$ cat run.cif   # mmCIF, C-alpha atoms
data_entry
loop_
_atom_site.label_atom_id
_atom_site.label_comp_id
_atom_site.auth_asym_id
_atom_site.auth_seq_id
_atom_site.Cartn_x
_atom_site.Cartn_y
_atom_site.Cartn_z
CA MET T 1 -208.75 110.68 -44.76
CA LYS T 2 -205.68 109.81 -42.71
CA LEU T 3 -207.56 107.10 -40.84
CA SER T 4 -208.65 105.36 -44.06
CA ARG T 5 -205.04 105.24 -45.28
CA TRP T 6 -203.96 103.81 -41.95
CA LEU T 7 -206.67 101.10 -42.04
CA ARG T 8 -205.98 100.09 -45.65
CA PRO T 9 -204.34 96.64 -45.88
CA THR T 10 -200.69 96.65 -46.86
CA THR T 11 -200.85 93.15 -48.32
CA VAL T 12 -203.63 91.75 -50.50
CA ALA T 13 -204.00 87.99 -50.85
CA HIS T 14 -205.75 86.26 -53.74
CA ALA T 15 -207.26 82.77 -53.64
CA HIS T 16 -210.01 80.79 -55.37
CA CYS T 17 -212.25 81.88 -52.53
CA ASP T 18 -212.16 84.70 -49.99
CA LEU T 19 -210.27 82.53 -47.52
CA PRO T 20 -207.30 80.38 -48.59
CA CYS T 21 -209.03 77.23 -47.35
CA GLY T 22 -206.80 74.59 -48.90
CA VAL T 23 -209.77 72.77 -50.42
CA TYR T 24 -209.07 71.77 -54.02
CA ASP T 25 -210.70 69.25 -56.33
CA PRO T 26 -210.52 68.80 -60.12
CA ALA T 27 -214.20 67.84 -59.98
CA GLN T 28 -215.09 71.53 -60.19
CA ALA T 29 -213.41 71.82 -63.60
CA ARG T 30 -214.83 68.48 -64.71
CA ILE T 31 -218.44 69.42 -63.93
CA GLU T 32 -218.15 72.60 -65.99
CA ALA T 33 -216.44 70.67 -68.81
CA GLU T 34 -219.24 68.09 -68.76
CA SER T 35 -221.62 71.01 -69.27
CA LEU T 36 -219.61 72.05 -72.34
CA LEU T 37 -219.95 68.57 -73.81
CA ALA T 38 -223.69 68.41 -73.09
CA ILE T 39 -224.24 71.87 -74.57
CA ASP T 40 -222.34 70.91 -77.73
CA GLN T 41 -224.49 67.80 -78.11
CA LYS T 42 -227.71 69.78 -77.58
CA TYR T 43 -226.47 72.48 -79.95
CA GLN T 44 -225.93 69.89 -82.69
CA ASP T 45 -229.44 68.47 -82.16
CA ASN T 46 -231.30 71.80 -82.20
CA ALA T 47 -231.64 74.11 -85.20
CA ASP T 48 -233.52 76.88 -83.34
CA PRO T 49 -231.37 80.03 -83.64
CA GLU T 50 -232.49 81.43 -80.27
CA PHE T 51 -231.65 78.18 -78.52
CA ARG T 52 -228.27 78.06 -80.23
CA THR T 53 -227.47 81.64 -79.23
CA ARG T 54 -228.35 80.93 -75.60
CA ALA T 55 -226.30 77.74 -75.70
CA LEU T 56 -223.24 79.60 -76.97
CA ILE T 57 -223.54 82.29 -74.29
CA ILE T 58 -223.84 79.72 -71.51
CA LYS T 59 -221.02 77.68 -73.03
CA GLU T 60 -218.67 80.67 -72.98
CA GLN T 61 -219.41 81.22 -69.30
CA ARG T 62 -218.80 77.55 -68.48
CA ALA T 63 -215.53 77.52 -70.45
CA GLU T 64 -214.28 80.46 -68.39
CA LEU T 65 -215.16 78.55 -65.22
CA VAL T 66 -213.23 75.50 -66.45
CA LYS T 67 -210.17 77.68 -67.04
CA HIS T 68 -210.56 79.32 -63.63
CA HIS T 69 -210.76 75.99 -61.79
CA LEU T 70 -207.81 74.60 -63.73
CA TRP T 71 -205.71 77.70 -63.03
CA VAL T 72 -206.47 77.46 -59.31
CA LEU T 73 -205.24 73.87 -59.25
CA TRP T 74 -202.23 74.66 -61.44
CA THR T 75 -201.09 77.71 -59.51
CA ASP T 76 -202.34 77.13 -55.96
CA TYR T 77 -202.45 73.39 -55.31
CA PHE T 78 -199.62 71.84 -57.32
CA LYS T 79 -196.13 72.52 -55.98
CA ALA T 80 -192.64 72.24 -57.49
CA THR T 81 -192.27 68.70 -56.13
CA HIS T 82 -195.40 67.62 -58.00
CA PHE T 83 -194.07 69.04 -61.26
CA GLU T 84 -190.78 67.22 -60.69
CA ARG T 85 -192.56 63.93 -60.06
CA TYR T 86 -194.96 64.44 -63.00
CA PRO T 87 -192.94 66.18 -65.72
CA ASN T 88 -195.92 66.23 -68.11
CA LEU T 89 -198.13 68.13 -65.64
CA HIS T 90 -197.38 71.62 -66.98
CA ALA T 91 -198.12 70.41 -70.52
CA LEU T 92 -201.39 68.82 -69.37
CA PHE T 93 -202.55 72.06 -67.76
CA HIS T 94 -201.47 74.11 -70.74
CA GLU T 95 -203.33 71.85 -73.14
CA ALA T 96 -206.42 71.67 -70.92
CA THR T 97 -206.69 75.44 -70.52
CA LYS T 98 -206.23 75.87 -74.29
CA LEU T 99 -208.91 73.23 -74.87
CA ALA T 100 -211.21 75.09 -72.51
CA GLY T 101 -210.88 78.55 -73.94
CA GLY T 102 -208.31 78.86 -76.68
CA ALA T 103 -209.09 79.73 -80.29
CA ASP T 104 -209.48 76.04 -81.13
CA GLY T 105 -210.95 75.09 -77.76
CA ALA T 106 -214.36 74.16 -76.46
CA LYS T 107 -215.33 77.79 -75.88
CA SER T 108 -215.01 78.53 -79.62
CA SER T 109 -216.12 75.16 -80.97
CA THR T 110 -219.44 73.37 -81.10
CA ASP T 111 -217.76 70.02 -81.81
CA PRO T 112 -218.44 67.55 -78.99
CA ALA T 113 -215.09 65.88 -79.75
CA VAL T 114 -213.25 69.03 -78.61
CA ALA T 115 -215.15 69.04 -75.31
CA GLN T 116 -214.38 65.34 -74.91
CA ARG T 117 -210.66 65.98 -75.39
CA LEU T 118 -210.91 68.60 -72.65
CA LEU T 119 -212.58 66.06 -70.35
CA ASP T 120 -209.82 63.56 -71.15
CA ARG T 121 -207.12 66.07 -70.13
CA ILE T 122 -209.02 66.90 -66.94
CA ASP T 123 -209.20 63.17 -66.17
CA GLU T 124 -205.41 62.92 -66.55
CA ILE T 125 -204.94 65.92 -64.24
CA SER T 126 -207.42 64.42 -61.78
CA LYS T 127 -205.53 61.11 -61.69
CA ILE T 128 -202.30 62.94 -60.84
CA PHE T 129 -204.11 65.14 -58.31
CA TRP T 130 -205.47 62.14 -56.40
CA GLU T 131 -202.07 60.41 -56.50
CA THR T 132 -200.53 63.49 -54.87
CA LYS T 133 -203.29 63.53 -52.24
CA GLN T 134 -202.59 59.87 -51.43
CA ALA T 135 -198.86 60.58 -51.11
CA GLY T 136 -199.60 63.34 -48.65
#
$ encode --input "run.cif" --output "structure tokens"
Amino acid sequence: MKLSRWLRPTTVAHAHCDLPCGVYDPAQARIEAESLLAIDQKYQDNADPEFRTRALIIKEQRAELVKHHLWVLWTDYFKATHFERYPNLHALFHEATKLAGGADGAKSSTDPAVAQRLLDRIDEISKIFWETKQAG
């Protein structure tokens, strides 16, 4: 018992993977958001209740992944200097995460236009992300 307490880590680190690798890319969020749009379009074109139920379950999972990938970028990649240079960045992330999983977001909606708005916000975040990568 004493040995296990001695071996227990005193500090626990959290990252988007098990090793803080420093590899970030908005493409991860975009791919999941593209799935949301495609699912919404297929949902609208299919009246089968079993298909629609499956689509909604998968869509909820994908929306959570979008939020996760956005949060990782927001909290782990972007630094104070980025937010100073791009004063709208916090608002973009807030809106994108709400569009992914908020009450009026893609997770709760089957309207392809909502998923498209999410993709548009991710594109804006991606543009800023790549500008910061170029700047070094």
$ resolve_selection --input "run.cif" --expression "the PyMOL selection byres ((chain T and resi 38-42) around 9)" --output "PyMOL selection string"
chain T and resi 33-37+43-46+52+55-56+58-59+106+109-112+115
$ closest_residue --input "run.cif" --among "T:Arg54, T:His94, T:His68, T:Arg62" --to "Ile125 of chain T" --atoms "all atoms listed in the file"
T:His94
$ atom_distance --input "run.cif" --atom1 "atom CA of Gly105 of chain T" --atom2 "atom CA of Pro49 of chain T"
21.8 Å
$ atom_distance --input "run.cif" --atom1 "atom CA of Asp104 of chain T" --atom2 "atom CA of Glu124 of chain T"
20.0 Å
$ atom_distance --input "run.cif" --atom1 "atom CA of Trp74 of chain T" --atom2 "atom CA of His90 of chain T"
8.0 Å
$ resolve_selection --input "run.cif" --expression "the PyMOL selection byres ((chain T and resi 96) around 12)" --output "NGL selection string"
:T and (26 or 29-30 or 33 or 63 or 66-71 or 73-74 or 89-95 or 97-102 or 104-107 or 114-126)
$ closest_residue --input "run.cif" --among "T:Ala47, T:Ala113, T:Ala135, T:Ala27" --to "Thr81 of chain T" --atoms "all atoms listed in the file"
T:Ala135
$ closest_residue --input "run.cif" --among "T:Arg85, T:Asp25, T:Phe129, T:Glu32" --to "Glu60 of chain T" --atoms "all atoms listed in the file"
T:Glu32
$ residues_near_point --input "run.cif" --point "(-198.8, 62.8, -52.1)" --cutoff "12 Å" --atoms "all atoms listed in the file" --output "PDB file with C-alpha atoms, in the coordinates of the input"
ATOM      1  CA  TYR T  77    -202.450  73.390 -55.310  1.00  0.00           C
ATOM      2  CA  PHE T  78    -199.620  71.840 -57.320  1.00  0.00           C
ATOM      3  CA  LYS T  79    -196.130  72.520 -55.980  1.00  0.00           C
ATOM      4  CA  THR T  81    -192.270  68.700 -56.130  1.00  0.00           C
ATOM      5  CA  HIS T  82    -195.400  67.620 -58.000  1.00  0.00           C
ATOM      6  CA  ARG T  85    -192.560  63.930 -60.060  1.00  0.00           C
ATOM      7  CA  TYR T  86    -194.960  64.440 -63.000  1.00  0.00           C
ATOM      8  CA  LYS T 127    -205.530  61.110 -61.690  1.00  0.00           C
ATOM      9  CA  ILE T 128    -202.300  62.940 -60.840  1.00  0.00           C
ATOM     10  CA  PHE T 129    -204.110  65.140 -58.310  1.00  0.00           C
ATOM     11  CA  TRP T 130    -205.470  62.140 -56.400  1.00  0.00           C
ATOM     12  CA  GLU T 131    -202.070  60.410 -56.500  1.00  0.00           C
ATOM     13  CA  THR T 132    -200.530  63.490 -54.870  1.00  0.00           C
ATOM     14  CA  LYS T 133    -203.290  63.530 -52.240  1.00  0.00           C
ATOM     15  CA  GLN T 134    -202.590  59.870 -51.430  1.00  0.00           C
ATOM     16  CA  ALA T 135    -198.860  60.580 -51.110  1.00  0.00           C
ATOM     17  CA  GLY T 136    -199.600  63.340 -48.650  1.00  0.00           C
TER      18      GLY T 136
END
$ axis_aligned_box --input "run.cif" --around "segment 83-100 of chain T" --padding-each-side "5 Å" --output "AutoDock Vina command-line options"
--center_x -201.0 --center_y 69.9 --center_z -67.5 --size_x 30.4 --size_y 21.9 --size_z 24.8
